[in-house]
Amino acid sequence: MPIEKTELRRVMGHFATGVTVVTTCGSNGRYYGFTANAVSSVSLVPPLMMVCVDKNAESYPSFEQSRVFTVNILSAEQEDLSRRFAVSGGEKFEGVSYRVGANGAPILGGVLAHLECRVVSAYDGGDHTIYLGEIQEAETSEGKPLLFYRGGYRSLGD
Ligand SMILES: Cc1cc2nc3c(=O)[nH]c(=O)nc-3n(C[C@H](O)[C@H](O)[C@H](O)COP(=O)(O)O)c2cc1C
């Protein structure tokens, strides 16, 4: 028997991760994004990044259409941004500082790093779609990371 969703959440909560906001652009000229920790670099040559997007997310159709995404790695000061982008729908970018990257997706202000990607393949992953993107541009800044562990936000040293 496969384990239940709540139990899987509890168990995987023991895997400490960073926190990102993955953004894209819609065909309607709007920007979309959601908080994500199911992200990883996959290959160095070619440079590939993976993100897993919930098929039921409001932003999901825009990821399907645009075939671009940007992974914004949040700093310890950006818990409020993580909470904002973890709520479904609405005008998430209102009052948020961002610029539009070369791939057309928003790069959030004050992030520790960002990686701009173009989707090269997509795979079915149950209730998620796994997108593999070729990394076109990437940049870092100084600061401490925001962490997520056992359902709560942490920072280094907690
Ligand atoms: C720490 C954290 C990590 C998350 N990781 C993911 C993820 O990797 N993939 C995903 O689809 N949703 C993830 N979520 C949930 C989405 O952020 C949430 O469903 C969001 O409301 C989707 O926004 P949308 O419906 O406006 O697209 C995560 C939430 C949190 C708080």
# chains A, B, ... in the order shown; residues from 1 in each chain; ligands from 1
$ residues_near_ligand --ligand "ligand 1" --cutoff "6 Å" --atoms "only C-alpha atoms and all ligand atoms" --output "list in words"
Val19, Phe34, Thr35, Ala36, Asn37, Ala38, Cys52, Val53, Asp54, Ala57, Glu58, Ser59, Phe85, Ala86, Val87, Ser88, Gly89 and Phe148 of chain A
$ select_by_dssp --residues "chain A" --states "alpha helix (DSSP H)" --output "JSON, numbers by chain"
{"A": [5, 6, 7, 8, 9, 10, 11, 12, 60, 61, 62, 63, 64, 65, 66, 79, 80, 81, 82, 83, 84, 85]}
$ residues_around --residues "A:Ser43" --least-positions-apart "5" --cutoff "12 Å" --atoms "only C-alpha atoms" --output "PyMOL selection string"
chain A and resi 48-50+132-135
$ closest_residue --among "A:Arg150, A:Leu81, A:Val120, A:Lys144" --to "A:Pro47" --atoms "only C-alpha atoms"
A:Val120
$ select_by_dssp --residues "chain A" --states "strand (DSSP E)" --output "PyMOL selection string"
chain A and resi 17-18+20-25+31-36+39-43+48-54+68-73+98-100+106-108+113-125+128-140+146-149+152-155
$ closest_residue --among "A:Glu7, A:Glu91, A:Asp124, A:Glu116" --to "A:Thr70" --atoms "only C-alpha atoms"
A:Glu116
$ residues_around --residues "A:Ser27" --least-positions-apart "4" --cutoff "8 Å" --atoms "only C-alpha atoms" --output "PyMOL selection string"
chain A and resi 62+65-66
$ write_last_selection --atoms "N, CA, C and O atoms" --output "PDB file, in the first residue's frame"
ATOM      1  N   SER A  62      -0.025  28.617 -17.071  1.00  0.00           N
ATOM      2  CA  SER A  62       0.965  29.572 -17.602  1.00  0.00           C
ATOM      3  C   SER A  62       2.327  28.918 -17.782  1.00  0.00           C
ATOM      4  O   SER A  62       3.053  29.250 -18.726  1.00  0.00           O
ATOM      5  N   GLN A  65       2.077  26.969 -20.982  1.00  0.00           N
ATOM      6  CA  GLN A  65       2.061  27.791 -22.195  1.00  0.00           C
ATOM      7  C   GLN A  65       3.392  28.475 -22.461  1.00  0.00           C
ATOM      8  O   GLN A  65       3.895  28.453 -23.578  1.00  0.00           O
ATOM      9  N   SER A  66       3.969  29.073 -21.429  1.00  0.00           N
ATOM     10  CA  SER A  66       5.119  29.953 -21.673  1.00  0.00           C
ATOM     11  C   SER A  66       6.394  29.173 -21.961  1.00  0.00           C
ATOM     12  O   SER A  66       7.268  29.636 -22.679  1.00  0.00           O
TER      13      SER A  66
END
$ atom_distance --atom1 "atom CA of A:Gly101" --atom2 "atom CA of A:Leu74"
16.8 Å
$ closest_atom_pairs --of "stretch 59-153 of chain A" --to "stretch 9-16 of chain A" --cutoff "10 Å" --atoms "only C-alpha atoms" --output "JSON lines"
{"residue": "A:Leu147", "atom": "CA", "partner": "A:Ala16", "partner_atom": "CA", "distance": 6.9}
{"residue": "A:Phe148", "atom": "CA", "partner": "A:Ala16", "partner_atom": "CA", "distance": 5.8}
{"residue": "A:Tyr149", "atom": "CA", "partner": "A:Ala16", "partner_atom": "CA", "distance": 4.7}
{"residue": "A:Arg150", "atom": "CA", "partner": "A:Gly13", "partner_atom": "CA", "distance": 4.1}
{"residue": "A:Gly151", "atom": "CA", "partner": "A:Gly13", "partner_atom": "CA", "distance": 6.1}
{"residue": "A:Gly152", "atom": "CA", "partner": "A:Gly13", "partner_atom": "CA", "distance": 8.9}
{"residue": "A:Tyr153", "atom": "CA", "partner": "A:Ala16", "partner_atom": "CA", "distance": 9.9}
$ write_last_selection --atoms "N, CA, C and O atoms" --output "mmCIF file, in the first residue's frame"
data_model
loop_
_atom_site.group_PDB
_atom_site.id
_atom_site.type_symbol
_atom_site.label_atom_id
_atom_site.label_comp_id
_atom_site.auth_asym_id
_atom_site.auth_seq_id
_atom_site.Cartn_x
_atom_site.Cartn_y
_atom_site.Cartn_z
ATOM 1 N N LEU A 147 15.254 28.917 5.078
ATOM 2 C CA LEU A 147 15.184 27.452 5.095
ATOM 3 C C LEU A 147 13.784 26.997 5.485
ATOM 4 O O LEU A 147 13.039 27.737 6.149
ATOM 5 N N PHE A 148 13.436 25.768 5.110
ATOM 6 C CA PHE A 148 12.143 25.181 5.464
ATOM 7 C C PHE A 148 12.403 23.790 6.017
ATOM 8 O O PHE A 148 13.081 22.974 5.380
ATOM 9 N N TYR A 149 11.886 23.544 7.225
ATOM 10 C CA TYR A 149 12.158 22.261 7.895
ATOM 11 C C TYR A 149 10.989 21.914 8.806
ATOM 12 O O TYR A 149 10.583 22.738 9.621
ATOM 13 N N ARG A 150 10.465 20.718 8.647
ATOM 14 C CA ARG A 150 9.361 20.210 9.467
ATOM 15 C C ARG A 150 8.216 21.219 9.555
ATOM 16 O O ARG A 150 7.706 21.528 10.635
ATOM 17 N N GLY A 151 7.854 21.772 8.368
ATOM 18 C CA GLY A 151 6.677 22.636 8.294
ATOM 19 C C GLY A 151 6.887 24.062 8.766
ATOM 20 O O GLY A 151 5.921 24.843 8.815
ATOM 21 N N GLY A 152 8.144 24.436 9.110
ATOM 22 C CA GLY A 152 8.370 25.798 9.594
ATOM 23 C C GLY A 152 9.546 26.459 8.902
ATOM 24 O O GLY A 152 10.431 25.786 8.365
ATOM 25 N N TYR A 153 9.543 27.795 8.929
ATOM 26 C CA TYR A 153 10.654 28.554 8.350
ATOM 27 C C TYR A 153 11.791 28.638 9.366
ATOM 28 O O TYR A 153 11.555 28.824 10.557
#
$ atom_distance --atom1 "atom CA of A:Ile130" --atom2 "atom CA of A:Met1"
24.0 Å
